[in-house]
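Printed here is input-v3.txt (compact mmCIF, C-alpha atoms):
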# COMPACT_ATOMS: atom_id res chain seq x y z
CA MET A 1 25.90 24.70 79.75
CA SER A 2 23.10 22.37 80.83
CA GLU A 3 20.48 24.95 79.79
CA ASN A 4 21.89 25.00 76.24
CA VAL A 5 21.70 21.23 76.05
CA VAL A 6 18.06 21.25 77.20
CA CYS A 7 17.15 23.91 74.63
CA THR A 8 18.86 22.01 71.82
CA GLY A 9 17.07 18.80 72.78
CA ALA A 10 13.69 20.55 72.86
CA VAL A 11 14.26 22.10 69.44
CA ASN A 12 15.22 18.75 67.96
CA ALA A 13 12.14 17.11 69.45
CA VAL A 14 9.86 19.78 68.02
CA LYS A 15 11.61 19.53 64.65
CA GLU A 16 11.14 15.77 64.60
CA VAL A 17 7.44 16.10 65.39
CA TRP A 18 6.92 18.62 62.60
CA GLU A 19 8.91 16.52 60.11
CA LYS A 20 6.68 13.54 60.89
CA ARG A 21 3.57 15.69 60.51
CA ILE A 22 4.84 17.04 57.18
CA GLN A 23 5.69 13.52 56.03
CA VAL A 24 2.21 12.29 56.93
CA LEU A 25 0.65 15.31 55.24
CA ASN A 26 2.66 14.73 52.05
CA GLU A 27 1.68 11.08 52.06
CA ASP A 28 -1.98 12.03 52.42
CA LEU A 29 -1.63 14.54 49.59
CA ARG A 30 0.02 11.91 47.38
CA ARG A 31 -2.73 9.38 48.05
CA GLU A 32 -5.37 12.01 47.42
CA LYS A 33 -3.70 12.97 44.12
CA GLU A 34 -3.50 9.34 43.03
CA PHE A 35 -7.15 8.85 43.98
CA ARG A 36 -8.19 11.90 41.98
CA GLN A 37 -6.16 10.73 38.99
CA LYS A 38 -7.74 7.28 39.23
CA VAL A 39 -11.22 8.79 39.39
CA LEU A 40 -10.35 11.03 36.44
CA ARG A 41 -9.10 8.06 34.41
CA ILE A 42 -12.23 6.08 35.21
CA TRP A 43 -14.37 9.06 34.24
CA GLU A 44 -12.44 9.62 31.00
CA GLU A 45 -12.66 5.93 30.12
CA ARG A 46 -16.39 5.99 30.69
CA VAL A 47 -16.75 9.11 28.57
CA ASN A 48 -14.52 7.68 25.82
CA PHE A 49 -16.33 4.35 25.92
CA SER A 50 -19.62 6.18 25.61
CA ARG A 51 -18.24 8.09 22.60
CA LEU A 52 -16.98 4.89 21.02
CA LYS A 53 -20.25 3.09 21.66
CA ASP A 54 -22.14 5.91 19.93
CA ARG A 55 -20.02 5.31 16.81
CA VAL A 56 -20.87 1.64 16.50
CA THR A 57 -23.21 0.89 13.62
CA ARG A 58 -24.61 -2.15 11.86
CA GLU A 59 -24.25 -2.41 8.11
CA ASN A 60 -24.97 -5.46 5.99
CA GLY A 61 -25.17 -7.58 9.09
CA ARG A 62 -21.75 -6.45 10.42
CA VAL A 63 -20.98 -4.61 13.66
CA ILE A 64 -18.77 -1.67 12.64
CA LEU A 65 -16.84 0.96 14.59
CA LYS A 66 -16.69 3.99 12.30
CA ILE A 67 -14.78 7.18 13.19
CA GLU A 68 -13.86 9.90 10.70
CA GLN A 69 -11.85 13.09 11.36
CA GLU A 70 -12.02 12.97 15.16
CA GLU A 71 -8.92 13.02 17.34
CA TRP A 72 -8.17 9.61 18.83
CA LYS A 73 -4.40 9.37 19.26
CA THR A 74 -4.84 6.27 21.42
CA LEU A 75 -7.68 3.82 21.92
CA PRO A 76 -8.78 3.11 25.52
CA ALA A 77 -8.73 -0.35 27.06
CA SER A 78 -12.48 -0.01 27.58
CA LEU A 79 -12.79 -0.74 23.86
CA LEU A 80 -12.39 -4.40 24.83
CA LYS A 81 -16.00 -4.28 26.00
CA LEU A 82 -16.90 -4.08 22.31
CA ASN A 83 -15.10 -7.27 21.38
CA GLN A 84 -18.03 -8.28 19.16
CA LEU A 85 -16.87 -5.72 16.57
CA GLN A 86 -16.34 -7.18 13.10
CA GLU A 87 -14.99 -4.09 11.38
CA TRP A 88 -12.96 -1.02 12.33
CA GLN A 89 -12.98 2.05 10.11
CA LEU A 90 -10.88 4.81 11.68
CA HIS A 91 -9.72 7.49 9.23
CA ARG A 92 -7.91 10.79 9.86
CA THR A 93 -8.01 10.39 13.64
CA GLY A 94 -4.30 10.99 14.33
CA LEU A 95 -4.04 7.47 15.76
CA LEU A 96 -0.41 6.86 16.77
CA LYS A 97 -0.47 3.12 17.33
CA ILE A 98 -2.58 0.03 16.97
CA PRO A 99 -3.40 -1.12 20.53
CA GLU A 100 -1.50 -4.14 21.80
CA PHE A 101 -4.79 -5.80 22.71
CA ILE A 102 -5.86 -5.91 19.05
CA GLY A 103 -5.41 -9.69 19.05
CA ARG A 104 -8.34 -10.08 21.44
CA PHE A 105 -10.82 -8.94 18.77
CA GLN A 106 -11.25 -12.41 17.35
CA ASN A 107 -14.34 -11.46 15.34
CA LEU A 108 -12.58 -8.80 13.23
CA ILE A 109 -13.05 -9.23 9.49
CA VAL A 110 -11.95 -5.77 8.30
CA LEU A 111 -9.35 -3.52 9.94
CA ASP A 112 -9.16 -0.19 8.09
CA LEU A 113 -6.89 2.34 9.80
CA SER A 114 -5.76 4.27 6.72
CA ARG A 115 -4.76 7.95 6.83
CA ASN A 116 -3.45 8.07 10.38
CA THR A 117 0.05 8.35 11.89
CA ILE A 118 0.64 4.71 12.87
CA SER A 119 4.34 3.84 12.99
CA GLU A 120 4.26 0.08 13.61
CA ILE A 121 2.12 -3.01 13.39
CA PRO A 122 1.95 -4.98 16.67
CA ARG A 123 2.84 -8.67 16.63
CA GLY A 124 -0.58 -9.42 18.10
CA ILE A 125 -2.02 -8.82 14.65
CA GLY A 126 -1.18 -12.44 13.89
CA LEU A 127 -3.91 -13.59 16.29
CA LEU A 128 -6.64 -12.27 13.98
CA THR A 129 -7.23 -15.52 12.13
CA ARG A 130 -10.60 -14.34 10.71
CA LEU A 131 -9.27 -11.06 9.35
CA GLN A 132 -9.95 -10.72 5.62
CA GLU A 133 -8.94 -7.10 4.92
CA LEU A 134 -6.10 -5.08 6.45
CA ILE A 135 -5.86 -1.51 5.15
CA LEU A 136 -3.02 0.60 6.57
CA SER A 137 -2.26 2.96 3.68
CA TYR A 138 -1.16 6.55 4.31
CA ASN A 139 0.58 5.94 7.63
CA LYS A 140 4.23 5.96 8.79
CA ILE A 141 4.92 2.24 8.99
CA LYS A 142 8.50 1.14 8.28
CA THR A 143 8.46 -2.62 8.88
CA VAL A 144 5.95 -5.45 8.66
CA PRO A 145 6.00 -8.15 11.38
CA LYS A 146 6.35 -11.78 10.38
CA GLU A 147 3.33 -12.59 12.57
CA LEU A 148 1.11 -11.07 9.90
CA GLY A 149 1.69 -14.30 7.98
CA HIS A 150 -0.52 -16.07 10.54
CA CYS A 151 -3.62 -14.20 9.35
CA ALA A 152 -4.74 -17.20 7.34
CA SER A 153 -8.01 -15.65 6.09
CA LEU A 154 -6.43 -12.44 4.76
CA GLU A 155 -7.57 -11.61 1.22
CA LYS A 156 -6.70 -7.92 0.90
CA LEU A 157 -3.60 -6.09 2.19
CA GLU A 158 -2.96 -2.40 1.52
CA LEU A 159 0.26 -0.73 2.72
CA ALA A 160 0.44 2.06 0.13
CA VAL A 161 1.98 5.47 0.84
CA ASN A 162 3.90 4.55 3.97
CA ARG A 163 7.03 5.74 2.14
CA ASP A 164 9.66 3.72 4.05
CA ILE A 165 8.64 0.06 3.74
CA CYS A 166 11.39 -1.66 1.75
CA ASP A 167 10.83 -5.40 2.33
CA LEU A 168 8.32 -8.00 3.45
CA PRO A 169 9.04 -11.00 5.70
CA GLN A 170 9.12 -14.33 3.90
CA GLU A 171 6.41 -15.61 6.24
CA LEU A 172 3.87 -13.58 4.27
CA SER A 173 4.12 -16.12 1.45
CA GLY A 174 1.93 -18.25 3.71
CA LEU A 175 -1.03 -15.97 3.01
CA THR A 176 -2.63 -18.49 0.67
CA LYS A 177 -5.91 -16.57 0.29
CA LEU A 178 -4.43 -13.14 -0.46
CA THR A 179 -5.68 -11.86 -3.83
CA HIS A 180 -5.09 -8.08 -3.54
CA LEU A 181 -1.79 -6.45 -2.50
CA ASP A 182 -1.01 -2.73 -2.68
CA LEU A 183 2.62 -1.72 -1.92
CA SER A 184 2.72 1.46 -3.99
CA MET A 185 4.64 4.58 -2.94
CA ASN A 186 7.16 2.93 -0.66
CA SER A 187 10.90 2.21 -0.92
CA PHE A 188 11.10 -1.22 -2.56
CA THR A 189 14.13 -1.66 -4.83
CA ALA A 190 13.16 -5.21 -5.79
CA MET A 191 10.01 -7.29 -5.79
CA PRO A 192 9.92 -9.07 -2.41
CA PRO A 193 10.39 -12.85 -2.72
CA ALA A 194 7.41 -13.31 -0.40
CA VAL A 195 5.16 -11.82 -3.10
CA LEU A 196 6.23 -14.45 -5.61
CA GLY A 197 5.15 -17.13 -3.16
CA MET A 198 1.57 -15.87 -2.74
CA PRO A 199 -0.34 -18.49 -4.74
CA ALA A 200 -3.73 -16.74 -5.01
CA LEU A 201 -2.51 -13.22 -5.82
CA GLU A 202 -4.54 -11.58 -8.61
CA TRP A 203 -3.93 -7.82 -8.20
CA LEU A 204 -0.55 -6.24 -7.38
CA ASP A 205 0.49 -2.58 -7.24
CA LEU A 206 4.21 -1.83 -6.85
CA GLY A 207 4.02 1.57 -8.52
CA SER A 208 6.04 4.57 -7.34
CA ASN A 209 8.84 2.58 -5.77
CA GLN A 210 12.48 2.20 -6.86
CA LEU A 211 12.34 -1.12 -8.71
CA GLN A 212 15.29 -1.56 -11.06
CA GLN A 213 14.41 -4.99 -12.42
CA LEU A 214 11.81 -7.72 -12.17
CA PRO A 215 12.68 -11.26 -11.06
CA ASP A 216 12.97 -14.00 -13.67
CA ALA A 217 10.59 -16.05 -11.53
CA ILE A 218 7.79 -13.51 -11.94
CA ASP A 219 5.82 -16.11 -13.89
CA ARG A 220 5.26 -18.00 -10.64
CA MET A 221 2.29 -15.66 -10.13
CA GLN A 222 0.07 -17.49 -12.57
CA ASN A 223 -3.20 -16.12 -11.13
CA LEU A 224 -2.15 -12.48 -11.46
CA HIS A 225 -4.40 -10.50 -13.81
CA THR A 226 -3.39 -6.90 -12.93
CA LEU A 227 0.15 -5.59 -12.43
CA TRP A 228 0.89 -1.91 -11.75
CA LEU A 229 4.58 -0.94 -12.09
CA GLN A 230 4.32 2.76 -12.96
CA ARG A 231 6.94 5.27 -11.79
CA ASN A 232 9.86 2.92 -11.15
CA GLU A 233 13.34 2.59 -12.66
CA LEU A 234 12.87 -0.51 -14.80
CA THR A 235 15.17 -0.67 -17.83
CA CYS A 236 14.04 -4.05 -19.20
CA LEU A 237 11.51 -6.82 -18.71
CA PRO A 238 12.30 -10.52 -18.23
CA ASP A 239 11.19 -12.86 -21.00
CA SER A 240 9.40 -14.94 -18.38
CA ILE A 241 6.72 -12.26 -18.01
CA SER A 242 5.20 -13.59 -21.23
CA ASN A 243 4.42 -16.86 -19.42
CA MET A 244 1.87 -15.11 -17.19
CA ARG A 245 -1.11 -16.51 -19.05
CA ASN A 246 -3.79 -14.68 -17.01
CA LEU A 247 -2.19 -11.22 -17.02
CA GLY A 248 -4.68 -8.79 -18.55
CA THR A 249 -3.44 -5.37 -17.34
CA LEU A 250 0.21 -4.28 -17.35
CA VAL A 251 1.04 -0.67 -16.47
CA LEU A 252 4.66 0.39 -17.10
CA CYS A 253 4.45 4.15 -17.66
CA ASN A 254 7.22 6.41 -16.33
CA ASN A 255 10.04 3.88 -16.30
CA LYS A 256 13.33 3.64 -18.21
CA LEU A 257 12.42 0.95 -20.73
CA ARG A 258 14.36 1.03 -23.99
CA ASP A 259 12.45 -1.73 -25.71
CA ILE A 260 9.35 -3.94 -25.57
CA PRO A 261 10.01 -7.70 -25.52
CA ALA A 262 8.65 -9.41 -28.62
CA ARG A 263 7.05 -12.18 -26.58
CA LEU A 264 4.57 -9.73 -25.02
CA GLY A 265 2.68 -9.91 -28.28
CA ASP A 266 1.95 -13.60 -27.64
CA MET A 267 0.24 -13.12 -24.26
CA PRO A 268 -3.32 -14.40 -24.75
CA SER A 269 -5.07 -12.47 -21.94
CA LEU A 270 -3.34 -9.10 -22.26
CA ARG A 271 -5.97 -6.39 -22.85
CA PHE A 272 -4.47 -3.18 -21.47
CA VAL A 273 -0.87 -1.93 -21.44
CA ASN A 274 0.67 1.46 -20.82
CA PHE A 275 4.22 2.28 -21.98
CA ARG A 276 3.86 6.03 -21.79
CA ASP A 277 6.90 8.12 -20.82
CA ASN A 278 9.57 5.49 -21.44
CA PRO A 279 12.67 6.24 -23.59
CA LEU A 280 11.78 3.56 -26.16
CA ARG A 281 14.30 3.29 -29.00
CA LEU A 282 11.64 3.27 -31.75
CA GLU A 283 9.04 5.89 -32.53
CA VAL A 284 5.69 4.58 -33.69
CA THR A 285 2.93 6.69 -35.21
CA LEU A 286 -0.71 5.68 -34.89
CA ALA A 287 -3.90 7.24 -36.19
CA HIS A 288 -6.79 7.39 -33.79
CA GLU A 289 -10.26 8.84 -34.00
CA SER A 290 -11.34 8.94 -30.37
CA THR A 291 -9.91 10.05 -27.08
CA GLU A 292 -12.37 8.17 -24.91
CA GLY A 293 -10.92 6.12 -22.07
CA GLU A 294 -11.76 2.77 -23.63
CA GLU A 295 -10.23 3.79 -26.94
CA GLN A 296 -7.08 5.00 -25.22
CA GLU A 297 -6.71 1.60 -23.55
CA LEU A 298 -7.13 0.01 -26.97
CA PHE A 299 -4.42 2.26 -28.35
CA GLY A 300 -2.16 1.13 -25.58
CA LEU A 301 -2.40 -2.42 -26.81
CA GLN A 302 -2.35 -1.40 -30.47
CA PHE A 303 0.70 0.74 -29.83
CA MET A 304 2.53 -2.23 -28.37
CA LEU A 305 1.60 -4.49 -31.28
CA ALA A 306 2.59 -1.82 -33.82
CA TYR A 307 5.88 -1.29 -31.99
CA LEU A 308 6.64 -5.01 -32.12
CA GLN A 309 5.83 -5.14 -35.83
CA GLU A 310 8.03 -2.11 -36.45
CA ALA A 311 10.86 -3.83 -34.58
CA ARG A 312 10.41 -7.00 -36.65
CA GLY A 313 10.39 -4.96 -39.85
CA ARG A 314 13.62 -3.22 -38.99
CA ALA A 315 15.21 -6.51 -38.00
CA GLY A 316 14.19 -7.90 -41.39
CA THR A 317 15.72 -4.89 -43.14
CA ARG A 318 19.01 -5.43 -41.34
CA ARG A 319 19.05 -9.09 -42.32
CA ALA A 320 18.32 -8.14 -45.92
CA ARG A 321 21.30 -5.79 -45.99
CA HIS A 322 23.53 -8.61 -44.87
CA THR A 323 22.14 -11.12 -47.39
CA GLY A 324 21.58 -8.69 -50.28
CA ARG A 325 17.88 -9.67 -50.52
CA VAL A 326 14.82 -7.61 -49.64
CA PRO A 327 12.39 -9.81 -47.73
CA ARG A 328 8.73 -9.73 -48.55
CA GLY A 329 6.66 -7.25 -46.50
CA VAL A 330 9.60 -5.15 -45.27
CA TYR A 331 8.78 -1.62 -44.08
CA THR A 332 9.72 1.20 -46.46
CA ARG A 333 10.22 4.87 -45.75
CA ARG A 334 7.54 7.05 -47.28
CA LEU A 335 7.04 10.78 -47.23
CA LEU A 336 3.32 11.42 -46.82
CA ARG A 337 1.58 14.75 -47.30
CA GLY A 338 0.69 16.45 -44.03
CA SER A 339 2.95 14.31 -41.87
CA SER A 340 6.58 13.79 -41.10
CA ALA A 341 8.47 10.88 -42.61
CA CYS A 342 7.85 7.71 -40.69
CA LEU A 343 8.42 4.00 -41.05
CA THR A 344 5.10 2.36 -41.70
CA ALA A 345 3.46 -0.77 -43.07
CA PRO A 346 0.69 0.33 -45.47
CA HIS A 347 -1.73 -2.35 -44.32
CA ILE A 348 -1.18 -1.65 -40.61
CA LEU A 349 -0.38 2.02 -39.95
CA VAL A 350 -1.51 5.32 -41.37
CA PRO A 351 -0.01 8.76 -40.75
CA GLY A 352 -1.23 10.68 -37.76
CA PRO A 353 -0.09 12.38 -34.57
CA THR A 354 2.33 10.52 -32.38
CA TRP A 355 0.32 8.38 -29.98
CA ARG A 356 0.33 9.50 -26.36
CA GLU A 357 -1.88 7.46 -24.13
CA GLU A 358 -3.49 9.27 -21.24
CA GLU A 359 -1.75 7.99 -18.15
CA ARG A 360 -3.89 5.78 -16.04
CA THR A 361 -3.32 6.13 -12.32
CA SER A 362 -5.41 5.06 -9.38
CA SER A 363 -7.53 7.66 -7.57
CA ARG A 364 -5.29 7.37 -4.49
CA PHE A 365 -2.60 9.44 -6.27
Kindly return the structure encoded in the file as structure tokens.
Amino acid sequence: MSENVVCTGAVNAVKEVWEKRIQVLNEDLRREKEFRQKVLRIWEERVNFSRLKDRVTRENGRVILKIEQEEWKTLPASLLKLNQLQEWQLHRTGLLKIPEFIGRFQNLIVLDLSRNTISEIPRGIGLLTRLQELILSYNKIKTVPKELGHCASLEKLELAVNRDICDLPQELSGLTKLTHLDLSMNSFTAMPPAVLGMPALEWLDLGSNQLQQLPDAIDRMQNLHTLWLQRNELTCLPDSISNMRNLGTLVLCNNKLRDIPARLGDMPSLRFVNFRDNPLRLEVTLAHESTEGEEQELFGLQFMLAYLQEARGRAGTRRARHTGRVPRGVYTRRLLRGSSACLTAPHILVPGPTWREEERTSSRF
């Protein structure tokens, strides 16, 4: 009996010794693995930093990091050693996120990360008080942080083709220097109120969204000279749009407009319009001799003016029917050789093919 007890005790002692040895060995292996991983990280960071440093250039007095079509899903912390950078241009790199330390690049003037796979904008973006251009088009961003409104020097903001952005925080109305805003190809169903509050805005693209109407307060944007609203679901325009005294370009092709407001004809700066592919209630025929781009823009404006005159003529005809008098200058129906019957004013319109303006779209699409 005593011999069995001695044997059991000896076995347990040996087992305990081996368990301790195994434990120590495992601990040594773990430390060695961690050390190797640390060395590997340091080596990779040095290699990546060297690659990044090789892609730093100087153009027009600016220090620029320029990377095109190379895989950089994340940016290493070693990039902070290049905090003198004034411009980032990273395109088609597969970048998944803007680094959280972006706010430490206080010298950044331009941040161009278009055509990547970025899903969010970090709140640290608001620390970039010198940033003038932020270009994040062709990504996967869904929301815009309110901290972006702290970028007091921002003049250009492009968020086109992110597909799912549907609103902007009101804090962005504090961007008092913003002149250029591209929100095309997203999911806006209404013009964000923040946009109306941007006092310096001159160029706005809300094309290819789901806008159903424009706000009555659209005339708050008195500095706006270019407004792109193509490929939406607009059925009418507010009368207040005619109060935009500096608006020179208005693109409304591919909407659901049934009519053109008469007051658009009184806008002093309007030089280019496009009403192509709208179910307008009146058909207007114009003669044109050229298909050059400049002439087509002219026909856009001439089409609008002719449409408004046609509408006035028909309104006058209806009034005449009620009063029994034919007002002076009313349109009459004439059958002209070589053309279909059309309503026309002899001193304004001549027969010709139905006007179809070549659709003007930006090169991005």
Legend entry - One-decimal distance in Å that lies between atom CA of Ala160 of chain A and atom CA of Arg276 of chain A: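 These atoms are spaced 22.5 Å apart.
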Legend entry - Closest of A:Val47, A:Leu229, A:Ile241, A:Ile165 to Tyr138 of chain A - atom-to-atom distances counting all atoms listed in the file: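 Answer, going by the shortest atom-to-atom distance: A:Ile165.
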Inset, instruction - One decimal, Å: what's the distance from atom CA of Ile64 of chain A over to atom CA of Phe49 of chain A, could you say? - result: 14.8 Å
Inset, instruction - Name the residues in contact with Gln222 of chain A at a cut-off of 12 Å, using all atoms listed in the file, excluding same-chain residues fewer than 3 positions from it; report them as a list of chain:residue names. - result: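 Using all atoms listed in the file, the neighbours found are A:Thr179, A:Leu196, A:Gly197, A:Met198, A:Pro199, A:Ala200, A:Leu201, A:Glu202, A:Trp203, A:Ala217, A:Ile218, A:Asp219, A:His225, A:Thr226, A:Leu227, A:Ser240, A:Ile241, A:Ser242, A:Asn243, A:Met244, A:Arg245, A:Asn246, A:Leu247, A:Gly248, A:Ser269.
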Next, dump the selected residues to file, keeping only C-alpha atoms, as a short mmCIF file (atom, residue, chain, number, x, y, z; two decimals), in the frame of the given file.
data_model
loop_
_atom_site.label_atom_id
_atom_site.label_comp_id
_atom_site.auth_asym_id
_atom_site.auth_seq_id
_atom_site.Cartn_x
_atom_site.Cartn_y
_atom_site.Cartn_z
CA THR A 179 -5.68 -11.86 -3.83
CA LEU A 196 6.23 -14.45 -5.61
CA GLY A 197 5.15 -17.13 -3.16
CA MET A 198 1.57 -15.87 -2.74
CA PRO A 199 -0.34 -18.49 -4.74
CA ALA A 200 -3.73 -16.74 -5.01
CA LEU A 201 -2.51 -13.22 -5.82
CA GLU A 202 -4.54 -11.58 -8.61
CA TRP A 203 -3.93 -7.82 -8.20
CA ALA A 217 10.59 -16.05 -11.53
CA ILE A 218 7.79 -13.51 -11.94
CA ASP A 219 5.82 -16.11 -13.89
CA HIS A 225 -4.40 -10.50 -13.81
CA THR A 226 -3.39 -6.90 -12.93
CA LEU A 227 0.15 -5.59 -12.43
CA SER A 240 9.40 -14.94 -18.38
CA ILE A 241 6.72 -12.26 -18.01
CA SER A 242 5.20 -13.59 -21.23
CA ASN A 243 4.42 -16.86 -19.42
CA MET A 244 1.87 -15.11 -17.19
CA ARG A 245 -1.11 -16.51 -19.05
CA ASN A 246 -3.79 -14.68 -17.01
CA LEU A 247 -2.19 -11.22 -17.02
CA GLY A 248 -4.68 -8.79 -18.55
CA SER A 269 -5.07 -12.47 -21.94
#
Legend entry - Residue contacts of Val161 of chain A (7 Å, all atoms listed in the file) excluding same-chain residues fewer than 4 positions away, as a list of chain:residue names: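 In the requested format, the answer is A:Ser137, A:Tyr138, A:Asn139, A:Ser184, A:Met185, A:Asn186.
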Model the absent atoms of segment 102-114 of chain A so that N, CA, C and O atoms are present, and write the result as a tab-separated table (two decimals), in the coordinates of the input.
chain	number	residue	atom	x	y	z
A	102	ILE	N	-5.12	-5.69	20.29
A	102	ILE	CA	-5.86	-5.91	19.05
A	102	ILE	C	-6.14	-7.39	18.82
A	102	ILE	O	-7.18	-7.77	18.25
A	103	GLY	N	-5.25	-8.27	19.27
A	103	GLY	CA	-5.41	-9.69	19.05
A	103	GLY	C	-6.60	-10.30	19.76
A	103	GLY	O	-6.99	-11.44	19.46
A	104	ARG	N	-7.20	-9.55	20.69
A	104	ARG	CA	-8.34	-10.08	21.44
A	104	ARG	C	-9.66	-9.85	20.70
A	104	ARG	O	-10.70	-10.33	21.15
A	105	PHE	N	-9.61	-9.15	19.57
A	105	PHE	CA	-10.82	-8.94	18.77
A	105	PHE	C	-10.92	-10.05	17.72
A	105	PHE	O	-10.70	-9.85	16.53
A	106	GLN	N	-11.28	-11.21	18.19
A	106	GLN	CA	-11.25	-12.41	17.35
A	106	GLN	C	-12.32	-12.41	16.26
A	106	GLN	O	-12.26	-13.23	15.34
A	107	ASN	N	-13.29	-11.51	16.35
A	107	ASN	CA	-14.34	-11.46	15.34
A	107	ASN	C	-14.04	-10.49	14.20
A	107	ASN	O	-14.85	-10.36	13.28
A	108	LEU	N	-12.89	-9.81	14.25
A	108	LEU	CA	-12.58	-8.80	13.23
A	108	LEU	C	-12.44	-9.43	11.85
A	108	LEU	O	-11.69	-10.39	11.66
A	109	ILE	N	-13.14	-8.83	10.89
A	109	ILE	CA	-13.05	-9.23	9.49
A	109	ILE	C	-12.32	-8.17	8.68
A	109	ILE	O	-11.53	-8.49	7.79
A	110	VAL	N	-12.58	-6.89	9.01
A	110	VAL	CA	-11.95	-5.77	8.30
A	110	VAL	C	-11.32	-4.83	9.31
A	110	VAL	O	-11.99	-4.40	10.26
A	111	LEU	N	-10.05	-4.50	9.12
A	111	LEU	CA	-9.35	-3.52	9.94
A	111	LEU	C	-8.81	-2.43	9.01
A	111	LEU	O	-7.82	-2.62	8.32
A	112	ASP	N	-9.51	-1.31	8.98
A	112	ASP	CA	-9.16	-0.19	8.09
A	112	ASP	C	-8.75	1.00	8.93
A	112	ASP	O	-9.60	1.69	9.52
A	113	LEU	N	-7.45	1.24	9.02
A	113	LEU	CA	-6.89	2.34	9.80
A	113	LEU	C	-6.06	3.26	8.90
A	113	LEU	O	-5.05	3.82	9.33
A	114	SER	N	-6.50	3.44	7.68
A	114	SER	CA	-5.76	4.27	6.72
A	114	SER	C	-5.84	5.74	7.09
A	114	SER	O	-6.77	6.18	7.77
